Protein chains: 4
Amino acid sequence: MRFPAPPLPYDPVSDHLREECGVFAVHGADQSALLIALGLHALQHRGQESCGIVTHDGSRVYAERHLGLVGEHFADGETHHRLPGAVGIGHVRYSTQGATVIRNVQPLYADVRGGGIAVAHNGNLTNSRILRDELVASGAIFQSTSDTEVILQIAARSERASASNRFLSALKQIEGAFALVALVNGKLIGARDPYGIRPLVLGDLDGAAILASETCALDVIGAKYVRDIEPGEAIIVDETGTVSERFAPVRAARPCAFEYIYFARPDSMIAGISVYEARKEMGRQLFRDAPADVDVVIPVPDSGVPAALGYAQAAGVPYEMGIIRGHYVGRTFIQPTQAKRDLGVRRKHSANPPVIKGKRVLLVDDSIVRGTTSRKIVDMMRDAGATEVHFRSACPPIKFPDFYGIDMPSRDELMASLQNCDEMARALKADSLGFLSVDGLYQAVLGAARNADTPQLADHYFTGEYTTRLADHERAASDKDRQLSLLVDA
Amino acid sequence: MRFPAPPLPYDPVSDHLREECGVFAVHGADQSALLIALGLHALQHRGQESCGIVTHDGSRVYAERHLGLVGEHFADGETHHRLPGAVGIGHVRYSTQGATVIRNVQPLYADVRGGGIAVAHNGNLTNSRILRDELVASGAIFQSTSDTEVILQIAARSERASASNRFLSALKQIEGAFALVALVNGKLIGARDPYGIRPLVLGDLDGAAILASETCALDVIGAKYVRDIEPGEAIIVDETGTVSERFAPVRAARPCAFEYIYFARPDSMIAGISVYEARKEMGRQLFRDAPADVDVVIPVPDSGVPAALGYAQAAGVPYEMGIIRGHYVGRTFIQPTQAKRDLGVRRKHSANPPVIKGKRVLLVDDSIVRGTTSRKIVDMMRDAGATEVHFRSACPPIKFPDFYGIDMPSRDELMASLQNCDEMARALKADSLGFLSVDGLYQAVLGAARNADTPQLADHYFTGEYTTRLADHERAASDKDRQLSLLVDA
Amino acid sequence: MRFPAPPLPYDPVSDHLREECGVFAVHGADQSALLIALGLHALQHRGQESCGIVTHDGSRVYAERHLGLVGEHFADGETHHRLPGAVGIGHVRYSTQGATVIRNVQPLYADVRGGGIAVAHNGNLTNSRILRDELVASGAIFQSTSDTEVILQIAARSERASASNRFLSALKQIEGAFALVALVNGKLIGARDPYGIRPLVLGDLDGAAILASETCALDVIGAKYVRDIEPGEAIIVDETGTVSERFAPVRAARPCAFEYIYFARPDSMIAGISVYEARKEMGRQLFRDAPADVDVVIPVPDSGVPAALGYAQAAGVPYEMGIIRGHYVGRTFIQPTQAKRDLGVRRKHSANPPVIKGKRVLLVDDSIVRGTTSRKIVDMMRDAGATEVHFRSACPPIKFPDFYGIDMPSRDELMASLQNCDEMARALKADSLGFLSVDGLYQAVLGAARNADTPQLADHYFTGEYTTRLADHERAASDKDRQLSLLVDA
Amino acid sequence: MRFPAPPLPYDPVSDHLREECGVFAVHGADQSALLIALGLHALQHRGQESCGIVTHDGSRVYAERHLGLVGEHFADGETHHRLPGAVGIGHVRYSTQGATVIRNVQPLYADVRGGGIAVAHNGNLTNSRILRDELVASGAIFQSTSDTEVILQIAARSERASASNRFLSALKQIEGAFALVALVNGKLIGARDPYGIRPLVLGDLDGAAILASETCALDVIGAKYVRDIEPGEAIIVDETGTVSERFAPVRAARPCAFEYIYFARPDSMIAGISVYEARKEMGRQLFRDAPADVDVVIPVPDSGVPAALGYAQAAGVPYEMGIIRGHYVGRTFIQPTQAKRDLGVRRKHSANPPVIKGKRVLLVDDSIVRGTTSRKIVDMMRDAGATEVHFRSACPPIKFPDFYGIDMPSRDELMASLQNCDEMARALKADSLGFLSVDGLYQAVLGAARNADTPQLADHYFTGEYTTRLADHERAASDKDRQLSLLVDA
């Protein structure tokens with residue numbers, strides 16, 4: 001079937017890494033679909049491409065999956081009638097694995113011997129290609145190209161008696177990063193990968209169990225935060241209560257550093273640490289790492305705001321809104337051919353000249369990826385009359401690719417992978433450029449130094465040290481590039 | 001995902017059996033999708049609920065499946081760009097097996113070891129529930145509730161080397177009625193069930209092979225009729241030519257009698273016999289079986305027209321359009337509450353009083369199913385001034401259910417299963433009622449008597465004698481009623 | 001605003017004149033919108049491009065206008081809630097005047113001093129350009145390019161006290177052909193042009209007054225036919241009853257001949273004459289005018305059927321369905337480039353070879369306009385094995401343009417305007433060609449000869465004698481061709 | 001015709017006044033429609049309900065009007081093909097006058113004697129009802145219920161020779177607030193009301209003339225700001241250049257105070273004054289007017305941000321993001337029935353506890369209208385652990401209704417119209433409440449005191465002193481409440 005091109009509420013002129021997914025689940029609350037819709041809406045920043053909800057009413061499973069935003073599909077008064085039941089899971093997604101076609105929109109569902117399994121997944125498996133090839137060779141038919149489906153296929157073939165045990169046995173075979181919520185015969189299962197790379201928290205709403213990627217989604221429905229799911233832990237919720245099972249050894253979590261830097265909402269707590277406070281502290285550390293003599297500190301909105309506030313406070317320099325962000329970003333507009341300049345970035349960001357003119361300006365952004373937007377913003381400051389423009393990144397230089405579910409440009413597009421700091425400053429036409437150091441990052445988030453033996457964060461972006469083995473990646477390139485499916489959904 | 005309610009171009013006030021599906025396929029013609037669209041359009045009378053086309057361009061497989069009519073989705077100038085390739089298959093469907101959700105719309109597709117298989121199916125398998133249960137028990141995940149998917153699942157698990165051999169081995173395991181077209185790694189396969197219940201013909205368009213449910217679909221694209229596919233025969237078409245294989249013993253076909261009576265288009269030939277001529281001859285035989293002394297013969301349009309012409313010619317009585325059929329039937333209109341009569345049938349059929357008033361009228365319809373429409377039409381004739389109203393059915397009384405892909409009311413809704421001819425006449429308020437005899441049917445179609453040992457037609461509707469064993473039907477009722485899937489696609 | 005291209009349920013390969021509009025109105029029945037929807041549906045053959053309903057509930061006026069079919073927009077259970085009231089008017093349209101944009105879809109509505117006026121119009125005014133120019137010069141702003149709007153503008157400026165009198169004063173100024181229904185401050189007004197060119201009938205449904213273009217629309221709701229509205233008569237219906245007023249001298253009607261030949265539904269009565277019987281009689285007269293020695297008479301479906309039956313009965317030759325018409329005509333399909341023949345006509349009409357092969361065939365169609373379809377059908381007969389093909393038109397040669405609301409090709413596209421009968425026969429590749437004579441037409445419809453002084457039908461198509469003066473047409477060409485509006489509704 | 005409910009990107013839980021409209025126009029640039037689309041997108045904050053563009057290509061006028069956002073309808077690559085020409089006007093709207101139906105969406109267009117006029121209007125006329133009644137009484141037919149249409153109707157009836165003179169004569173008859181752009185026979189006209197209540201600026205893009213409601217729309221296309229249009233001035237742009245005409249006496253502008261307080265984008269300049277700087281200064285003045293001893297200053301995002309920054313700087317207290325605003329606000333979600341609290345405000349605003357807990361918090365919002373949101377935000381602060389919560393409004397108490405195009409609640413819903421400051425503080429459950437004074441407002445915007453005789457701003461919201469007479473408002477209430485149209489567009 002055919003679908004219209006999805007809306008792009010996330011502005012394509014942005015130059016950030018993209019989070020891939022958010023998950024949310026409820027067990028034991030009437031009209032669970034309405035709670036899930038609100039929870040997914042609060043997680044919308046984690047994926048704007050598609051959304052889906054699956055519920056269970058005690059006998060049947062109800063599914064609805066869409067391209068587009070949660071508010072476009074699940075805000076109406078019919079949602080809980082179309083999706084009845086007190087148990088359910090939901091998903092928002094920006095695709096990293098599997099083309100953006102409806103067959104890949106999560107939650108995925110399968111009828112298996114003795115019941116049905118639905119699963120929604122944040123993260124990326126690092127051995128899914130190998131597992132998929134084995135399954136297809138023995139006659140499995142995949143309905144999607146999503147890595148998540150291997151979990152369903154393994155569970156379907158497991159010899160174990162109960163559907164939930166079959167699901168747990170599948171968890172032991174997969175590798176990589178995953179925060180999962182699953183509906184297995186009316187039970188809710190939540191699981192987090194053995195290193196806790198992706199976040200997953202447990203909450204409580206008047207006795208109902210809630211699982212969510214971030215605490216901000218608990219807050220929006222008024223649920224209390226209980227605890228983070230542990231690395232290698234699965235919890236199984238049914239009417240009799242909540243049981244915890246381990247499918248991997250106990251170890252301390254290594255949460256993804258970028259959750260603190262950019263992905264998570266500032267009002268979320270990850271591993272008990274306020275994201276907003278961490279970001280402000282990154283700004284303060286950034287001032288220590290890369291001070292400058294300037295008249296005004298200006299955030300690149302909106303993600304640079306907390307670090308800019310921290311920087312300005314540490315530096316004792318006024319903080320001003322020197323860049324105005326338009327609220328109605330959407331599709332990229334076609335430009336008139338006579339336009340001499342790129343109007344794209346102006347559609348999103350406008351300079352606010354009165355606070356720039358004649359000033360030495362320091363810009364704070366959360367990160368620099370390709371550098372394309374940064375360059376335009378430096379230009380915009382000079383056009384508005386800045387006498388000096390200094391640029392600061394509130395995270396270290398991004399040099400290495402991700403395999404755990406983050407959408408990144410290829411390595412030869414990463415500015416910091418190609419150039420040193422001076423070269424980058426020249427390319428951006430900035431009077432100076434500075435980055436937060438890796439140690440500054442650890443101090444800001446944890447108030448402690450990096451432990452070189454067992455780093456406390458997943459920080460491969462900056463260090464090249466990956467948390468897990470990368471089985472699919474290590475296969476011969478020719479084999480990896482084979483298409484997952486011959487099918488093109490026209 | 002959610003879809004709007006499908007259009008209902010087929011008028012719900014109708015009281016006919018419903019054909020289930022039509023198939024069409026092309027091998028070796030540029031822009032095959034355009035030919036398939038035209039072919040499916042000519043077969044639209046066989047299914048108006050959904051339509052789909054799958055093509056292969058030498059490396060990839062392209063699929064598009066929709067609820068609605070062929071002309072709504074495949075008439076535009078982009079069809080062949082979205083669906084490139086010189087090989088393809090298509091399907092129109094009125095669902096008998098599997099709920100009307102997009103996951104059941106055909107052709108179905110699966111990536112399997114060593115390639116991909118797409119299949120489109122007219123008919124119904126009589127052992128699919130048994131096969132499905134075995135497959136699920138061993139870990140298969142079904143993506144639809146369609147009986148057709150068991151063919152894909154069996155082929156996926158076959159140990160045979162080539163994908164086409166694996167497909168053929170699946171054909172040996174299925175029972176029931178099927179006329180199939182399949183795309184297997186770029187080869188086109190056509191197959192007809194061991195008794196040839198459902199029709200499938202081979203055509204030629206300047207060297208390209210065409211497969212179609214009816215010859216009228218060959219005519220519309222200007223292809224030449226080559227021959228009917230034989231019962232138990234599969235033909236495999238690739239660049240090197242066409243090969244015939246048998247997956248069941250050679251035997252004479254027993255085509256479904258209702259293809260002649262109602263389903264097929266009058267300009268089609270089935271087993272070399274003109275459907276129009278067969279219908280006119282049914283009218284002539286009907287006059288022999290059930291004569292009447294009347295002033296005018298009136299067809300119930302449009303399906304009663306040929307038999308009425310034959311009856312009128314045999315009886316030497318004028319044939320008149322006493323009932324006008326509206327061309328813009330569509331959704332059932334909401335009726336005003338003050339309406340004292342059922343306006344529904346009038347929306348479709350109107351009496352034409354000048355040819356009725358003061359006359360003894362004989363109505364000819366192709367069949368009587370529930371009798372609901374027949375009763376209204378008798379009323380309408382009396383309202384228009386008929387002095388007598390005689391009703392004739394151009395097929396024998398329909399008493400037994402179908403298991404081969406026809407949508408029928410349950411047996412206790414079949415008028416002829418509940419009442420004898422006199423009771424029916426009273427119920428219809430007709431002055432007389434008459435049916436074509438089973439022998440008259442055989443004479444009309446074949447010019448020969450029924451062979452009681454090996455009847456030449458599938459005629460279980462009238463005789464209760466089924467062509468094949470009915471394995472699913474013979475299982476315990478409790479087992480049969482189990483749901484195929486727990487999933488409700490909201 | 002922008003709209004999707006309208007559906008084309010009427011097949012564009014057809015080669016017929018096109019009726020322009022149908023009107024339907026109700027006064028005094030609850031849920032009037034539901035009755036209007038059913039009535040318009042029965043008149044759908046008169047216009048498939050747009051439809052609209054306006055109702056009045058005693059205080060407010062409710063309007064809904066759409067591109068597309070009645071069944072697509074007004075069949076649902078909300079129609080009477082969106083359009084409440086016991087009084088209402090409706091319209092179906094195939095545009096002849098004014099581009100097909102929503103601002104031209106009828107009924108048109110205007111708030112005027114002392115109330116509101118809605119009007120729906122079948123026909124075409126012959127002095128609307130002159131009136132419009134005068135109105136614009138004095139400051140009137142037109143909201144459409146429809147000729148109908150001049151009636152509203154004149155009524156708005158009338159000095160007469162009551163809105164209905166202002167409407168009637170407008171009727172005295174307009175010329176041409178019109179069958180109007182109007183809602184004026186809760187009163188229903190129906191009016192027919194001074195010569196009665198376009199049809200309008202009055203019906204009764206349990207005390208409610210009904211106005212309709214054809215009697216078939218009365219039948220569909222179970223209303224009784226009362227009488228035809230007279231030429232130059234307006235009837236005004238309110239709660240106190242029905243009043244007749246004359247706005248033009250009493251004279252006998254000259255109904256448009258083409259209503260009998262092609263436009264009206266065969267089950268309608270026009271001026272008390274059965275359209276079906278008139279058409280059959282045209283067939284009989286056609287045999288007298290143009291006999292032939294043939295084996296079989298074949299109608300060009302569906303419009304040629306009654307005349308073919310009449311011809312076959314008069315000739316004593318078998319009548320057969322030698323051409324099968326597909327029921328799912330819709331958009332024109334894109335053709336494959338390798339198609340050697342025009343597949344368009346085959347999509348609509350298929351030959352039925354068993355009744356053609358080896359026969360001398362006589363085809364009967366209702367008329368010949370451009371001759372394009374006729375030529376293809378002759379070809380199709382020969383391809384199917386006819387030994388001779390004779391063509392008969394059940395109306396006289398069409399030579400002159402229309403100005404009364406019929407969509408015709410320009411004169412240099414009218415085959416009979418360019419060629420004599422022999423040339424046409426050669427162009428069609430027919431063995432013979434024959435037409436009904438003008439006298440045959442009068443005999444068939446009226447059973448009387450044409451009265452040369454005051455012809456009883458509007459027959460300018462054949463004779464060039466127009467019923468009224470043609471004021472707009474007589475203006476200088478340069479002036480006429482001026483655009484009605486500078487606006488292009490993108 | 002019917003339309004789906006419009007999207008509501010503007011969050012309905014907001015409690016702000018609503019701006020009514022924005023206008024943008026271009027003369028003399030190729031692909032003017034693309035520039036207009038970009039300009040309207042930059043003005044989207046002034047109206048999110050509908051948008052429209054009209055262009056002129058030298059001979060024809062092209063129009064497209066939609067419900068919804070600019071980016072949904074005018075971002076694609078076809079916009080300039082559908083709307084060709086180098087001259088054009090555009091409009092975004094949040095309706096205050098005239099129901100939200102497509103017939104009211106601007107620009108409005110009329111064909112008049114000697115050409116066509118399109119007009120787009122920001123503001124509200126205060127004598128439009130009186131003018132409309134006079135026009136209807138003399139036969140004018142209005143196509144909308146918009147006050148703007150009286151301008152077209154007066155121009156249509158003007159006796160003056162040229163269309164632009166007729167348009168100017170209409171300007172002399174209307175009263176109230178208006179910033180207009182109009183297309184008159186290919187000329188562009190811009191006009192501002194006699195007191196300059198609504199803003200309108202002139203820009204230059206490489207020789208092309210640009211008109212816009214705000215300078216931010218000039219910036220987005222890279223145009224240079226030339227000057228503000230003067231009160232009572234019309235400028236007429238054609239190929240020969242730009243001419244200024246006066247239709248009212250020369251006087252100093254009284255721009256609407258709320259443009260500075262809330263409506264305009266912070267990066268715009270109004271009358272040469274930076275909106276951002278004015279707002280920061282309002283924060284500083286607010287500190288002087290209503291100081292408090294607190295630990296942290298928190299803005300109610302996003303509109304409270306500049307004033308909060310100013311307040312924090314003046315007070316020497318840390319500024320923190322204590323409230324996080326979700327970016328994906330949209331439709332209001334249905335709430336679960338078991339939800340014990342209003343989840344609506346949480347969907348838009350979330351507390352950020354780390355900066356609130358244990359602190360004395362001062363909230364700064366731009367204004368207080370009904371107080372509904374304010375109360376929830378105070379609650380939210382206490383829930384997050386604030387020890388004291390002080391609330392400050394960066395504008396004076398809003399007590400009086402508007403008649404110049406602002407959407408306000410009725411007077412008995414305005415909190416400050418009903419209660420004094422202490423009562424309001426108790427109702428909001430705030431520890432203290434403070435407002436900017438009227439003098440503080442003047443100081444912040446103009447750096448000067450209010451001139452009581454001829455105030456420099458339109459400040460009736462606070463003072464009850466209206467800038468113009470209010471003719472419609474002064475009519476008898478019974479007369480005013482009469483409906484503008486009997487028509488309900490279903």
# chains A, B, ... in the order shown; residues from 1 in each chain; ligands from 1
call {"tool": "interface_residues", "arguments": {"of": "chain D", "to": "chain C", "cutoff": "6 Å", "atoms": "only C-alpha atoms", "output": "PyMOL selection string"}}
result
chain D and resi 1+60-66+82+113+136-137+139+156-157+486-490
call {"tool": "write_last_selection", "arguments": {"atoms": "C-alpha atoms", "output": "PDB file, in the first residue's frame"}}
result
ATOM      1  CA  MET D   1     -18.681  22.143   1.120  1.00  0.00           C
ATOM      2  CA  ARG D  60      -5.123  36.668 -14.858  1.00  0.00           C
ATOM      3  CA  VAL D  61      -5.518  36.470 -11.105  1.00  0.00           C
ATOM      4  CA  TYR D  62      -4.650  33.206  -9.308  1.00  0.00           C
ATOM      5  CA  ALA D  63      -6.019  32.375  -5.873  1.00  0.00           C
ATOM      6  CA  GLU D  64      -5.554  29.586  -3.383  1.00  0.00           C
ATOM      7  CA  ARG D  65      -7.007  29.629   0.106  1.00  0.00           C
ATOM      8  CA  HIS D  66      -6.813  26.930   2.740  1.00  0.00           C
ATOM      9  CA  ARG D  82      -0.197  27.196  -9.507  1.00  0.00           C
ATOM     10  CA  ARG D 113     -15.998  46.926 -13.534  1.00  0.00           C
ATOM     11  CA  VAL D 136     -27.325  44.877   1.223  1.00  0.00           C
ATOM     12  CA  ALA D 137     -30.343  47.195   1.244  1.00  0.00           C
ATOM     13  CA  GLY D 139     -28.820  45.034  -3.651  1.00  0.00           C
ATOM     14  CA  ALA D 156     -17.280  48.010  -6.821  1.00  0.00           C
ATOM     15  CA  ARG D 157     -19.924  50.720  -6.581  1.00  0.00           C
ATOM     16  CA  LEU D 486     -28.629  33.148   7.195  1.00  0.00           C
ATOM     17  CA  LEU D 487     -26.292  30.619   5.639  1.00  0.00           C
ATOM     18  CA  VAL D 488     -24.702  27.811   7.604  1.00  0.00           C
ATOM     19  CA  ASP D 489     -22.025  26.233   5.470  1.00  0.00           C
ATOM     20  CA  ALA D 490     -22.486  22.617   6.430  1.00  0.00           C
TER      21      ALA D 490
END
call {"tool": "residues_around", "arguments": {"residues": "D:Ser417", "least_positions_apart": "5", "cutoff": "7 Å", "atoms": "only C-alpha atoms", "output": "NGL selection string"}}
result
:D and (398-399 or 411-412)
call {"tool": "residues_around", "arguments": {"residues": "stretch 422-428 of chain D", "least_positions_apart": "4", "cutoff": "12 Å", "atoms": "only C-alpha atoms", "output": "ChimeraX atom specification"}}
result
/D:368-382,389-393,397,414-418,432-435
call {"tool": "residues_around", "arguments": {"residues": "B:Val294", "least_positions_apart": "5", "cutoff": "9 Å", "atoms": "only C-alpha atoms", "output": "PyMOL selection string"}}
result
chain B and resi 317+359-362+388-390
call {"tool": "residues_around", "arguments": {"residues": "stretch 40-44 of chain C", "least_positions_apart": "3", "cutoff": "7 Å", "atoms": "only C-alpha atoms", "output": "PyMOL selection string"}}
result
(chain B and resi 328) or (chain C and resi 22+24+36-37+47-48+70-71+90-92+216-217+220)
call {"tool": "write_last_selection", "arguments": {"atoms": "C-alpha atoms", "output": "PDB file, in the first residue's frame"}}
result
ATOM      1  CA  TYR B 328     -25.128   4.842 -10.160  1.00  0.00           C
TER       2      TYR B 328
ATOM      3  CA  GLY C  22     -30.926  17.815 -12.765  1.00  0.00           C
ATOM      4  CA  PHE C  24     -34.976  18.194  -7.145  1.00  0.00           C
ATOM      5  CA  ILE C  36     -33.419  15.172  -1.886  1.00  0.00           C
ATOM      6  CA  ALA C  37     -30.378  12.885  -1.751  1.00  0.00           C
ATOM      7  CA  GLY C  47     -24.884  15.251 -14.164  1.00  0.00           C
ATOM      8  CA  GLN C  48     -22.024  13.468 -12.445  1.00  0.00           C
ATOM      9  CA  VAL C  70     -24.417  12.115  -4.712  1.00  0.00           C
ATOM     10  CA  GLY C  71     -23.674   8.712  -3.215  1.00  0.00           C
ATOM     11  CA  GLY C  90     -30.807  20.020  -4.721  1.00  0.00           C
ATOM     12  CA  HIS C  91     -28.817  19.918  -7.924  1.00  0.00           C
ATOM     13  CA  VAL C  92     -26.611  17.589  -9.925  1.00  0.00           C
ATOM     14  CA  CYS C 216     -38.151   8.656 -12.141  1.00  0.00           C
ATOM     15  CA  ALA C 217     -37.035  10.777  -9.179  1.00  0.00           C
ATOM     16  CA  VAL C 220     -37.691   6.461  -6.227  1.00  0.00           C
TER      17      VAL C 220
END
call {"tool": "residues_around", "arguments": {"residues": "stretch 265-276 of chain B", "least_positions_apart": "5", "cutoff": "10 Å", "atoms": "only C-alpha atoms", "output": "MDAnalysis selection string"}}
result
(chainID B and resid 42:43 45:46 199:201 213:219 225 227:230 253:255 259:260 281:282 303 305:307 445:446) or (chainID C and resid 321:326 350:355)
call {"tool": "write_last_selection", "arguments": {"atoms": "C-alpha atoms", "output": "PDB file, in the first residue's frame"}}
result
ATOM      1  CA  ALA B  42     -11.868  -6.578 -16.843  1.00  0.00           C
ATOM      2  CA  LEU B  43     -12.095  -9.045 -13.925  1.00  0.00           C
ATOM      3  CA  HIS B  45     -16.829  -8.280 -11.402  1.00  0.00           C
ATOM      4  CA  ARG B  46     -15.005 -11.126  -9.573  1.00  0.00           C
ATOM      5  CA  PRO B 199     -10.955 -21.349 -14.023  1.00  0.00           C
ATOM      6  CA  LEU B 200      -7.549 -20.287 -15.341  1.00  0.00           C
ATOM      7  CA  VAL B 201      -6.610 -19.646 -18.948  1.00  0.00           C
ATOM      8  CA  SER B 213      -9.251 -16.136 -14.604  1.00  0.00           C
ATOM      9  CA  GLU B 214     -11.379 -15.474 -17.687  1.00  0.00           C
ATOM     10  CA  THR B 215     -10.921 -14.970 -21.410  1.00  0.00           C
ATOM     11  CA  CYS B 216     -12.594 -11.538 -21.261  1.00  0.00           C
ATOM     12  CA  ALA B 217      -9.396 -10.295 -19.590  1.00  0.00           C
ATOM     13  CA  LEU B 218      -7.353 -11.581 -22.520  1.00  0.00           C
ATOM     14  CA  ASP B 219      -9.679  -9.799 -24.946  1.00  0.00           C
ATOM     15  CA  TYR B 225      -6.518 -17.308 -26.064  1.00  0.00           C
ATOM     16  CA  ARG B 227      -5.849 -22.896 -23.796  1.00  0.00           C
ATOM     17  CA  ASP B 228      -7.280 -23.541 -20.348  1.00  0.00           C
ATOM     18  CA  ILE B 229      -4.741 -24.638 -17.723  1.00  0.00           C
ATOM     19  CA  GLU B 230      -5.537 -28.280 -16.949  1.00  0.00           C
ATOM     20  CA  ALA B 253     -12.051 -30.710 -15.252  1.00  0.00           C
ATOM     21  CA  ARG B 254     -15.151 -30.206 -13.147  1.00  0.00           C
ATOM     22  CA  PRO B 255     -15.590 -26.442 -13.514  1.00  0.00           C
ATOM     23  CA  GLU B 259     -19.210 -19.652 -13.380  1.00  0.00           C
ATOM     24  CA  TYR B 260     -21.620 -20.388 -16.218  1.00  0.00           C
ATOM     25  CA  GLU B 281     -29.674 -21.960 -23.565  1.00  0.00           C
ATOM     26  CA  MET B 282     -30.461 -22.126 -19.825  1.00  0.00           C
ATOM     27  CA  SER B 303     -27.710 -10.982 -14.859  1.00  0.00           C
ATOM     28  CA  VAL B 305     -30.924 -10.821 -19.417  1.00  0.00           C
ATOM     29  CA  PRO B 306     -29.445 -13.685 -21.502  1.00  0.00           C
ATOM     30  CA  ALA B 307     -31.690 -16.378 -19.960  1.00  0.00           C
ATOM     31  CA  VAL B 445     -23.903 -25.933 -20.716  1.00  0.00           C
ATOM     32  CA  LEU B 446     -22.626 -29.184 -22.201  1.00  0.00           C
TER      33      LEU B 446
ATOM     34  CA  MET C 321     -26.540  -8.898 -26.810  1.00  0.00           C
ATOM     35  CA  GLY C 322     -23.667  -8.800 -29.243  1.00  0.00           C
ATOM     36  CA  ILE C 323     -21.848  -6.142 -27.228  1.00  0.00           C
ATOM     37  CA  ILE C 324     -21.162  -6.554 -23.515  1.00  0.00           C
ATOM     38  CA  ARG C 325     -20.784  -3.407 -21.489  1.00  0.00           C
ATOM     39  CA  GLY C 326     -18.397  -3.456 -18.532  1.00  0.00           C
ATOM     40  CA  SER C 350     -16.602  -6.040 -25.550  1.00  0.00           C
ATOM     41  CA  ALA C 351     -17.774  -8.025 -28.531  1.00  0.00           C
ATOM     42  CA  ASN C 352     -19.640 -11.254 -27.849  1.00  0.00           C
ATOM     43  CA  PRO C 353     -18.408 -13.361 -30.791  1.00  0.00           C
ATOM     44  CA  PRO C 354     -20.829 -16.326 -30.683  1.00  0.00           C
ATOM     45  CA  VAL C 355     -23.750 -14.122 -31.745  1.00  0.00           C
TER      46      VAL C 355
END
call {"tool": "atom_distance", "arguments": {"atom1": "atom CA of B:Thr454", "atom2": "atom CA of B:Ser410"}}
result
26.9 Å
call {"tool": "select_by_dssp", "arguments": {"residues": "stretch 111-281 of chain D", "states": "strand (DSSP E)", "output": "ChimeraX atom specification"}}
result
/D:111-112,115-125,176-184,187-192,201-205,208-212,224-228,233-238,241-246,269-270,273-274
call {"tool": "residues_around", "arguments": {"residues": "C:Ala179", "least_positions_apart": "3", "cutoff": "7 Å", "atoms": "only C-alpha atoms", "output": "VMD selection string"}}
result
chain C and resid 121 to 123 191 to 193 198 to 200
call {"tool": "decode", "arguments": {"residues": "stretch 46-57 of chain A", "atoms": "C-alpha atoms", "output": "PDB file, in the first residue's frame"}}
result
ATOM      1  CA  ARG A  46      12.706  10.628  20.541  1.00  0.00           C
ATOM      2  CA  GLY A  47      11.041   9.874  17.201  1.00  0.00           C
ATOM      3  CA  GLN A  48       8.635  11.759  14.953  1.00  0.00           C
ATOM      4  CA  GLU A  49       8.394   9.461  12.011  1.00  0.00           C
ATOM      5  CA  SER A  50       5.912   6.860  13.162  1.00  0.00           C
ATOM      6  CA  CYS A  51       3.970   5.779  16.202  1.00  0.00           C
ATOM      7  CA  GLY A  52       2.055   2.721  17.278  1.00  0.00           C
ATOM      8  CA  ILE A  53       0.083   1.293  20.177  1.00  0.00           C
ATOM      9  CA  VAL A  54      -0.852  -2.325  20.908  1.00  0.00           C
ATOM     10  CA  THR A  55      -3.246  -3.247  23.723  1.00  0.00           C
ATOM     11  CA  HIS A  56      -4.661  -6.444  25.187  1.00  0.00           C
ATOM     12  CA  ASP A  57      -8.106  -6.665  26.718  1.00  0.00           C
TER      13      ASP A  57
END
